[in-house]
file final-v5.tsv (TSV, C-alpha atoms and all ligand atoms)
chain	number	residue	atom	x	y	z
K	1	MET	CA	0.00	0.00	0.00
K	2	GLU	CA	1.34	3.43	-0.96
K	3	PHE	CA	0.54	6.69	0.76
K	4	LYS	CA	2.59	9.12	-1.29
K	5	SER	CA	0.09	11.69	-2.51
K	6	LEU	CA	-3.41	12.91	-1.71
K	7	ALA	CA	-4.60	10.94	-4.75
K	8	ASP	CA	-3.71	7.69	-2.90
K	9	PHE	CA	-6.03	8.72	-0.08
K	10	GLN	CA	-8.71	9.87	-2.53
K	11	ARG	CA	-8.64	6.44	-4.14
K	12	LEU	CA	-9.13	4.75	-0.78
K	13	GLU	CA	-12.02	7.08	0.00
K	14	SER	CA	-13.79	6.33	-3.29
K	15	VAL	CA	-14.24	2.60	-2.56
K	16	THR	CA	-16.20	0.93	0.20
K	17	LEU	CA	-13.54	-0.79	2.22
K	18	PRO	CA	-14.31	-3.92	4.22
K	19	LEU	CA	-13.81	-3.47	7.95
K	20	SER	CA	-10.81	-5.79	7.92
K	21	ASP	CA	-9.02	-3.36	5.55
K	22	LYS	CA	-9.82	-0.36	7.75
K	23	LYS	CA	-8.45	-2.23	10.76
K	24	ARG	CA	-5.28	-2.95	8.81
K	25	LEU	CA	-4.91	0.64	7.54
K	26	ILE	CA	-4.73	2.15	11.02
K	27	GLN	CA	-1.73	-0.06	11.78
K	28	TYR	CA	0.31	1.72	9.08
K	29	HIS	CA	2.31	4.69	10.30
K	30	ASP	CA	2.15	6.29	6.82
K	31	PHE	CA	-1.63	6.17	6.72
K	32	PHE	CA	-1.55	8.99	9.32
K	33	GLN	CA	1.31	10.87	7.67
K	34	THR	CA	0.52	13.85	5.47
K	35	PRO	CA	1.93	13.50	1.93
K	36	LYS	CA	3.21	17.09	2.16
K	37	ALA	CA	4.15	19.12	5.20
K	38	ASN	CA	1.98	22.15	4.73
K	39	ASP	CA	-1.15	23.14	6.53
K	40	VAL	CA	-3.56	22.89	3.58
K	41	ILE	CA	-2.45	19.39	2.55
K	42	ARG	CA	-2.32	18.28	6.18
K	43	ARG	CA	-5.99	19.22	6.63
K	44	GLN	CA	-7.04	17.64	3.32
K	45	HIS	CA	-5.21	14.46	4.26
K	46	SER	CA	-7.04	14.38	7.63
K	47	ASN	CA	-10.34	14.91	5.87
K	48	HIS	CA	-9.65	11.86	3.66
K	49	VAL	CA	-8.61	9.75	6.65
K	50	ASP	CA	-11.83	10.65	8.49
K	51	LYS	CA	-13.87	9.62	5.46
K	52	VAL	CA	-11.95	6.38	4.86
K	53	LEU	CA	-12.55	5.43	8.50
K	54	GLY	CA	-16.24	6.23	8.18
K	55	PHE	CA	-16.58	9.12	10.65
K	56	ARG	CA	-19.98	10.83	10.12
K	57	LEU	CA	-18.66	14.21	11.12
K	58	ARG	CA	-20.47	16.49	8.70
K	59	TYR	CA	-23.87	14.99	9.49
K	60	ILE	CA	-23.39	15.34	13.25
K	61	GLU	CA	-22.03	18.88	13.06
K	62	GLU	CA	-24.89	19.93	10.76
K	63	MET	CA	-27.42	18.57	13.26
K	64	LEU	CA	-25.72	20.62	15.99
K	65	ILE	CA	-25.76	23.76	13.81
K	66	ALA	CA	-29.44	23.27	12.96
K	67	GLU	CA	-30.26	22.93	16.66
K	68	ALA	CA	-28.14	25.97	17.56
K	69	ARG	CA	-29.77	28.12	14.85
K	70	GLY	CA	-33.07	27.52	16.65
K	71	PHE	CA	-31.73	29.44	19.68
K	72	ASP	CA	-29.45	31.81	17.84
K	73	PRO	CA	-30.50	32.32	14.17
K	74	ASP	CA	-27.90	35.01	13.41
K	75	GLY	CA	-25.06	33.37	15.29
K	76	SER	CA	-21.73	31.90	14.18
K	77	HIS	CA	-19.20	29.40	15.44
K	78	GLU	CA	-18.32	31.90	18.18
K	79	THR	CA	-21.84	31.90	19.66
K	80	TRP	CA	-23.59	28.64	18.65
K	81	GLY	CA	-21.65	26.39	21.03
K	82	PRO	CA	-22.33	28.55	24.11
K	83	SER	CA	-26.01	29.08	23.06
K	84	LEU	CA	-26.56	25.33	22.80
K	85	HIS	CA	-24.39	24.08	25.65
K	86	ARG	CA	-25.07	26.35	28.65
K	87	GLY	CA	-22.28	28.79	27.95
K	88	VAL	CA	-19.67	26.11	27.19
K	89	GLN	CA	-17.59	26.90	24.09
K	90	THR	CA	-18.04	23.70	22.09
K	91	TRP	CA	-17.17	25.34	18.76
K	92	VAL	CA	-20.35	24.30	16.95
K	93	GLY	CA	-20.08	25.52	13.33
K	94	LEU	CA	-16.28	25.74	13.33
K	95	ASP	CA	-14.57	24.22	10.31
K	96	LEU	CA	-14.03	20.53	11.10
K	97	GLN	CA	-10.36	20.60	10.22
K	98	THR	CA	-9.83	23.51	12.63
K	99	LEU	CA	-11.83	21.84	15.39
K	100	GLN	CA	-9.52	18.83	15.42
K	101	THR	CA	-5.75	18.41	15.33
K	102	PRO	CA	-4.54	16.94	12.01
K	103	TYR	CA	-3.62	13.25	12.16
K	104	SER	CA	-0.07	13.93	11.00
K	105	GLU	CA	0.45	16.42	13.82
K	106	ILE	CA	-0.84	13.83	16.31
K	107	LEU	CA	1.69	11.41	14.85
K	108	ARG	CA	4.48	13.95	15.39
K	109	ILE	CA	3.33	14.67	18.95
K	110	LEU	CA	3.26	10.96	19.83
K	111	HIS	CA	6.72	10.51	18.32
K	112	LEU	CA	8.16	13.37	20.38
K	113	LEU	CA	6.49	12.13	23.56
K	114	LYS	CA	8.29	8.77	23.33
K	115	ILE	CA	5.41	7.07	25.09
K	116	LYS	CA	6.29	3.95	27.06
K	117	PRO	CA	4.18	0.78	27.03
K	118	TYR	CA	1.08	0.97	29.23
K	119	HIS	CA	1.20	4.74	29.47
K	120	HIS	CA	-2.19	6.40	29.52
K	121	VAL	CA	-2.95	9.46	27.37
K	122	VAL	CA	-5.87	11.74	28.25
K	123	ASP	CA	-7.31	14.27	25.80
K	124	LEU	CA	-9.12	17.10	27.57
K	125	GLY	CA	-11.80	18.28	25.16
K	126	ALA	CA	-11.36	15.44	22.68
K	127	ALA	CA	-14.07	16.13	20.04
K	128	TYR	CA	-14.28	12.86	18.03
K	129	GLY	CA	-11.13	11.36	19.55
K	130	ARG	CA	-8.68	11.44	16.65
K	131	MET	CA	-5.76	10.87	18.99
K	132	GLY	CA	-7.45	7.66	20.13
K	133	VAL	CA	-7.53	6.33	16.56
K	134	VAL	CA	-3.77	6.90	16.12
K	135	ILE	CA	-2.91	5.43	19.53
K	136	GLY	CA	-5.32	2.54	19.02
K	137	GLY	CA	-3.84	1.68	15.64
K	138	LEU	CA	-0.12	2.23	16.22
K	139	LEU	CA	0.58	1.99	19.96
K	140	ILE	CA	-0.89	-1.34	20.85
K	141	LYS	CA	0.16	-1.26	24.51
K	142	ASN	CA	-1.21	2.17	25.39
K	143	PHE	CA	-4.47	3.53	26.65
K	144	PHE	CA	-6.45	6.56	25.57
K	145	THR	CA	-9.28	8.41	27.30
K	146	GLY	CA	-10.87	11.49	25.78
K	147	PHE	CA	-13.25	13.72	27.73
K	148	GLU	CA	-15.72	15.69	25.63
K	149	TYR	CA	-18.76	17.82	26.46
K	150	VAL	CA	-20.78	17.15	23.29
K	151	LYS	CA	-22.50	13.77	23.61
K	152	SER	CA	-23.08	13.26	19.87
K	153	ARG	CA	-19.33	13.64	19.22
K	154	VAL	CA	-18.58	11.17	22.00
K	155	ASP	CA	-21.06	8.62	20.65
K	156	GLU	CA	-19.67	8.88	17.11
K	157	GLY	CA	-16.05	8.57	18.28
K	158	ASN	CA	-16.89	5.53	20.43
K	159	ARG	CA	-18.82	3.97	17.52
K	160	VAL	CA	-15.70	4.22	15.33
K	161	PHE	CA	-13.43	2.94	18.16
K	162	GLN	CA	-15.72	-0.07	18.63
K	163	GLU	CA	-15.95	-0.79	14.93
K	164	LEU	CA	-12.16	-0.71	14.61
K	165	GLY	CA	-11.79	-2.89	17.71
K	166	LEU	CA	-9.91	-0.21	19.68
K	167	ASN	CA	-10.85	-1.46	23.11
K	168	ARG	CA	-8.02	0.40	24.88
K	169	CYS	CA	-9.55	3.69	23.75
K	170	GLN	CA	-12.67	5.42	25.00
K	171	LEU	CA	-14.46	8.75	24.94
K	172	ILE	CA	-16.44	9.94	27.95
K	173	ALA	CA	-19.14	12.61	27.90
K	174	GLN	CA	-18.05	15.03	30.59
K	175	ASP	CA	-17.98	18.74	31.36
K	176	LEU	CA	-14.38	19.26	32.43
K	177	PHE	CA	-15.44	22.28	34.46
K	178	ALA	CA	-18.09	20.39	36.46
K	179	LYS	CA	-17.55	20.73	40.22
K	180	ASP	CA	-17.63	16.97	40.82
K	181	PHE	CA	-15.20	16.07	38.00
K	182	GLU	CA	-12.04	14.41	39.27
K	183	LEU	CA	-9.25	14.29	36.76
K	184	PRO	CA	-7.91	10.73	36.49
K	185	GLU	CA	-4.18	10.15	36.90
K	186	ALA	CA	-2.43	9.74	33.57
K	187	ASP	CA	1.01	9.97	32.01
K	188	VAL	CA	0.14	12.47	29.30
K	189	TYR	CA	-2.51	15.20	29.12
K	190	PHE	CA	-3.37	16.83	25.81
K	191	ILE	CA	-5.14	20.20	25.73
K	192	TYR	CA	-6.08	22.02	22.57
K	193	ASP	CA	-7.74	25.30	23.60
K	194	TYR	CA	-10.83	23.55	24.88
K	195	GLY	CA	-12.63	26.33	26.72
K	196	GLN	CA	-12.43	29.74	28.39
K	197	VAL	CA	-9.36	30.93	30.34
K	198	GLU	CA	-10.79	29.98	33.74
K	199	HIS	CA	-11.66	26.48	32.50
K	200	ILE	CA	-8.17	25.78	31.19
K	201	ASP	CA	-6.65	27.30	34.31
K	202	HIS	CA	-8.84	25.04	36.48
K	203	THR	CA	-7.76	21.97	34.47
K	204	LEU	CA	-4.08	22.92	34.75
K	205	LYS	CA	-4.49	23.18	38.55
K	206	GLN	CA	-5.97	19.66	38.53
K	207	ILE	CA	-2.99	18.43	36.51
K	208	SER	CA	-0.61	20.07	39.01
K	209	ALA	CA	-2.24	18.00	41.79
K	210	VAL	CA	-1.50	14.84	39.77
K	211	ALA	CA	2.05	16.07	39.10
K	212	SER	CA	2.67	16.25	42.86
K	213	LYS	CA	2.22	12.45	42.95
K	214	ARG	CA	3.86	11.31	39.70
K	215	PRO	CA	5.64	12.62	36.59
K	216	VAL	CA	3.37	13.95	33.88
K	217	LYS	CA	3.70	15.36	30.39
K	218	VAL	CA	1.38	18.02	29.04
K	219	VAL	CA	0.88	18.80	25.36
K	220	ALA	CA	-0.67	22.22	24.78
K	221	ARG	CA	-1.96	23.13	21.34
K	222	GLY	CA	-3.22	26.59	20.47
K	223	THR	CA	-1.95	29.99	21.53
K	224	PHE	CA	-4.50	30.35	24.31
K	225	THR	CA	-3.41	27.39	26.45
K	226	LYS	CA	0.28	28.07	25.84
K	227	ARG	CA	-0.14	31.66	27.03
K	228	ILE	CA	-1.99	30.60	30.20
K	229	ILE	CA	0.84	28.17	30.97
K	230	ALA	CA	3.51	30.81	30.34
K	231	ASP	CA	1.74	33.39	32.53
K	232	HIS	CA	0.42	31.29	35.41
K	233	HIS	CA	1.91	27.79	35.53
K	234	PRO	CA	5.69	27.95	36.01
K	235	TRP	CA	5.66	24.41	37.49
K	236	LEU	CA	5.37	23.14	33.90
K	237	GLU	CA	8.80	22.89	32.31
K	238	LEU	CA	8.89	23.57	28.57
K	239	LYS	CA	10.63	20.65	26.85
K	240	TYR	CA	9.69	21.19	23.21
K	241	GLU	CA	8.40	24.28	21.50
K	242	GLY	CA	6.74	23.70	18.14
K	243	LYS	CA	7.86	26.16	15.50
K	244	LEU	CA	6.36	27.16	12.12
K	245	GLU	CA	3.41	24.85	11.45
K	246	GLU	CA	3.79	22.85	14.66
K	247	PHE	CA	1.14	24.49	16.77
K	248	PHE	CA	1.93	22.64	20.00
K	249	SER	CA	4.40	22.67	22.87
K	250	ILE	CA	5.34	19.86	25.23
K	251	TYR	CA	5.95	20.31	28.97
K	252	THR	CA	6.93	18.00	31.80
K	253	ALA	CA	6.34	18.23	35.53
K	254	TYR	CA	7.01	16.32	38.72
K	255	ILE	CA	6.42	18.53	41.74
K	256	ASN	CA	8.22	17.21	44.85
I	301	LIG	C1	-10.52	22.62	19.75
I	301	LIG	S1	-11.37	21.11	20.05
I	301	LIG	C2	-10.01	19.98	20.20
I	301	LIG	C3	-10.35	18.54	19.87
I	301	LIG	C4	-9.22	17.54	20.05
I	301	LIG	N1	-8.56	17.68	21.34
I	301	LIG	C5	-8.18	17.66	18.96
I	301	LIG	O1	-7.16	18.33	19.22
I	301	LIG	O2	-8.37	17.10	17.89
I	301	LIG	C6	-11.88	21.35	21.74
I	301	LIG	C7	-13.02	20.45	22.19
I	301	LIG	O3	-13.22	20.69	23.60
I	301	LIG	C8	-14.60	20.56	23.88
I	301	LIG	N2	-14.92	21.29	25.13
I	301	LIG	C9	-15.02	22.63	25.32
I	301	LIG	N3	-15.34	22.90	26.59
I	301	LIG	C10	-15.43	21.71	27.24
I	301	LIG	C11	-15.72	21.34	28.59
I	301	LIG	N4	-16.00	22.26	29.52
I	301	LIG	N5	-15.71	20.03	28.90
I	301	LIG	C12	-15.42	19.08	27.95
I	301	LIG	N6	-15.14	19.38	26.67
I	301	LIG	C13	-15.14	20.68	26.31
I	301	LIG	C14	-15.28	21.15	22.66
I	301	LIG	O4	-16.62	20.69	22.55
I	301	LIG	C15	-14.36	20.68	21.51
I	301	LIG	O5	-14.84	19.48	20.96
call {"tool": "encode", "arguments": {"input": "final-v5.tsv", "output": "structure tokens", "more": "lines below"}}
Ligand SMILES: C[S@@+](CC[C@H](N)C(=O)[O-])C[C@H]1O[C@@H](n2cnc3c(N)ncnc32)[C@H](O)[C@@H]1O
result
Amino acid sequence: MEFKSLADFQRLESVTLPLSDKKRLIQYHDFFQTPKANDVIRRQHSNHVDKVLGFRLRYIEEMLIAEARGFDPDGSHETWGPSLHRGVQTWVGLDLQTLQTPYSEILRILHLLKIKPYHHVVDLGAAYGRMGVVIGGLLIKNFFTGFEYVKSRVDEGNRVFQELGLNRCQLIAQDLFAKDFELPEADVYFIYDYGQVEHIDHTLKQISAVASKRPVKVVARGTFTKRIIADHHPWLELKYEGKLEEFFSIYTAYIN
């Protein structure tokens, strides 16, 4: 199997693949690699991968937009999420390839993290759980949990995980800012600008409590989260700073 150009992915998308082929595809590193390292191709590649794997993203997002328009007819992706989800910024109406991290960037992040067997990765605000698909396919001794507010995204992600037999991966419907939410201990936490400043700050404080018991790594994607860390969380040590089109940074912490 060759994954050298977008046309290779287009070809895969144009046929109905048996499930056994999909299960095999996610075990190939190059299936998740963009054919060219630029942002446009990276997003197009991710769009093809979503379609090959059978994610029903457009349908679900359009249902959310239709529901949101009922409350907020003149709104946009800035306002529809909060109108529909009690003030929580769920980014309803945002372009799907902006909502989620490209597969090839997830691949790069996982490579840099040098994850050890049995390590647990938690995505805080996981949308459809793309990171779970990459971990489930390539890192067969690791575990993935994604927390996500929007139930229909969670259900679709879990449907795809189940279909692909990724039983070490799960999505959980959860408001990360809920008073009774206890952050589980994990080795890696991934945050891509999931909510407002106070939400991300609250989550980082929860991670610092975990880091007082064990070493943790934190991957922050998006300018928002990186700025909050720089301004208010000096306990996180910057280990890798993404440059150019790498929109993430990696930190470590073990507070003794
Ligand atoms: C920018 S997306 C990132 C998705 C995924 N982490 C990725 O990088 O591909 C952020 C997600 O966080 C979710 N979110 C926002 N506020 C949340 C909250 N309070 N609790 C749980 N999820 C939340 C949104 O619904 C959205 O799906």
call {"tool": "residues_around", "arguments": {"input": "final-v5.tsv", "residues": "K:Leu57", "least_positions_apart": "5", "cutoff": "9 Å", "atoms": "only C-alpha atoms", "output": "PyMOL selection string"}}
result
chain K and resi 50-51+62+96+128+153+156
call {"tool": "residues_around", "arguments": {"input": "final-v5.tsv", "residues": "K:Glu245", "least_positions_apart": "2", "cutoff": "10 Å", "atoms": "all atoms listed in the file", "output": "PyMOL selection string"}}
result
chain K and resi 37-39+105+242-243+247-248
call {"tool": "write_last_selection", "arguments": {"input": "final-v5.tsv", "atoms": "C-alpha atoms", "output": "PDB file, keeping the file's coordinate frame"}}
result
ATOM      1  CA  ALA K  37       4.150  19.120   5.200  1.00  0.00           C
ATOM      2  CA  ASN K  38       1.980  22.150   4.730  1.00  0.00           C
ATOM      3  CA  ASP K  39      -1.150  23.140   6.530  1.00  0.00           C
ATOM      4  CA  GLU K 105       0.450  16.420  13.820  1.00  0.00           C
ATOM      5  CA  GLY K 242       6.740  23.700  18.140  1.00  0.00           C
ATOM      6  CA  LYS K 243       7.860  26.160  15.500  1.00  0.00           C
ATOM      7  CA  PHE K 247       1.140  24.490  16.770  1.00  0.00           C
ATOM      8  CA  PHE K 248       1.930  22.640  20.000  1.00  0.00           C
TER       9      PHE K 248
END
call {"tool": "residues_near_ligand", "arguments": {"input": "final-v5.tsv", "ligand": "ligand LIG 301 (chain I)", "cutoff": "8 Å", "atoms": "only C-alpha atoms and all ligand atoms", "output": "MDAnalysis selection string"}}
result
chainID K and resid 81 88:92 98:102 123:131 146:150 153 173:178 190:196 199 221
call {"tool": "atom_distance", "arguments": {"input": "final-v5.tsv", "atom1": "atom CA of K:Ile200", "atom2": "atom CA of K:Gly136"}}
result
26.4 Å
call {"tool": "residues_around", "arguments": {"input": "final-v5.tsv", "residues": "K:Gly75", "least_positions_apart": "5", "cutoff": "12 Å", "atoms": "all atoms listed in the file", "output": "list in words"}}
result
Ile65, Ala66, Glu67, Ala68, Arg69, Gly70, Trp80, Gly81, Pro82, Ser83, Leu84, Trp91, Val92, Gly93 and Leu94 of chain K
call {"tool": "atom_distance", "arguments": {"input": "final-v5.tsv", "atom1": "atom CA of K:Ile109", "atom2": "atom CA of K:Tyr240"}}
result
10.1 Å
call {"tool": "residues_around", "arguments": {"input": "final-v5.tsv", "residues": "K:Glu13", "least_positions_apart": "5", "cutoff": "8 Å", "atoms": "all atoms listed in the file", "output": "MDAnalysis selection string"}}
result
chainID K and resid 48:49 51:52
call {"tool": "closest_residue", "arguments": {"input": "final-v5.tsv", "among": "K:Leu204, K:Val210, K:Ile41, K:Leu64", "to": "K:Ala230", "atoms": "all atoms listed in the file"}}
result
K:Leu204
call {"tool": "atom_distance", "arguments": {"input": "final-v5.tsv", "atom1": "atom CA of K:Thr203", "atom2": "atom CA of K:Asn256"}}
result
19.6 Å
call {"tool": "closest_residue", "arguments": {"input": "final-v5.tsv", "among": "K:Leu171, K:Ile255, K:Leu139, K:Ile228", "to": "K:Lys151", "atoms": "only C-alpha atoms"}}
result
K:Leu171
call {"tool": "closest_residue", "arguments": {"input": "final-v5.tsv", "among": "K:His202, K:Glu182, K:Ser104, K:Val133", "to": "K:Arg159", "atoms": "only C-alpha atoms"}}
result
K:Val133
call {"tool": "decode", "arguments": {"input": "final-v5.tsv", "residues": "stretch 196-211 of chain K", "atoms": "N, CA and C atoms", "output": "short mmCIF file (atom, residue, chain, number, x, y, z; two decimals), in the first residue's frame"}}
result
data_model
loop_
_atom_site.label_atom_id
_atom_site.label_comp_id
_atom_site.auth_asym_id
_atom_site.auth_seq_id
_atom_site.Cartn_x
_atom_site.Cartn_y
_atom_site.Cartn_z
N GLN K 196 -12.84 28.39 28.00
CA GLN K 196 -12.43 29.74 28.39
C GLN K 196 -11.20 29.68 29.29
N VAL K 197 -10.59 30.86 29.54
CA VAL K 197 -9.36 30.93 30.34
C VAL K 197 -9.53 30.23 31.68
N GLU K 198 -10.65 30.54 32.38
CA GLU K 198 -10.79 29.98 33.74
C GLU K 198 -10.95 28.46 33.72
N HIS K 199 -11.51 27.94 32.62
CA HIS K 199 -11.66 26.48 32.50
C HIS K 199 -10.29 25.82 32.35
N ILE K 200 -9.50 26.37 31.44
CA ILE K 200 -8.17 25.78 31.19
C ILE K 200 -7.30 25.93 32.44
N ASP K 201 -7.42 27.07 33.09
CA ASP K 201 -6.65 27.30 34.31
C ASP K 201 -7.03 26.28 35.38
N HIS K 202 -8.33 26.02 35.51
CA HIS K 202 -8.84 25.04 36.48
C HIS K 202 -8.27 23.65 36.17
N THR K 203 -8.29 23.28 34.87
CA THR K 203 -7.76 21.97 34.47
C THR K 203 -6.28 21.87 34.77
N LEU K 204 -5.53 22.95 34.49
CA LEU K 204 -4.08 22.92 34.75
C LEU K 204 -3.81 22.76 36.25
N LYS K 205 -4.66 23.37 37.09
CA LYS K 205 -4.49 23.18 38.55
C LYS K 205 -4.73 21.72 38.91
N GLN K 206 -5.72 21.09 38.26
CA GLN K 206 -5.97 19.66 38.53
C GLN K 206 -4.76 18.82 38.09
N ILE K 207 -4.16 19.19 36.97
CA ILE K 207 -2.99 18.43 36.51
C ILE K 207 -1.83 18.64 37.50
N SER K 208 -1.72 19.83 38.07
CA SER K 208 -0.61 20.07 39.01
C SER K 208 -0.77 19.18 40.25
N ALA K 209 -2.02 18.91 40.64
CA ALA K 209 -2.24 18.00 41.79
C ALA K 209 -1.76 16.59 41.43
N VAL K 210 -1.99 16.16 40.21
CA VAL K 210 -1.50 14.84 39.77
C VAL K 210 0.03 14.86 39.73
N ALA K 211 0.59 15.97 39.25
CA ALA K 211 2.05 16.07 39.10
C ALA K 211 2.76 16.10 40.45
#
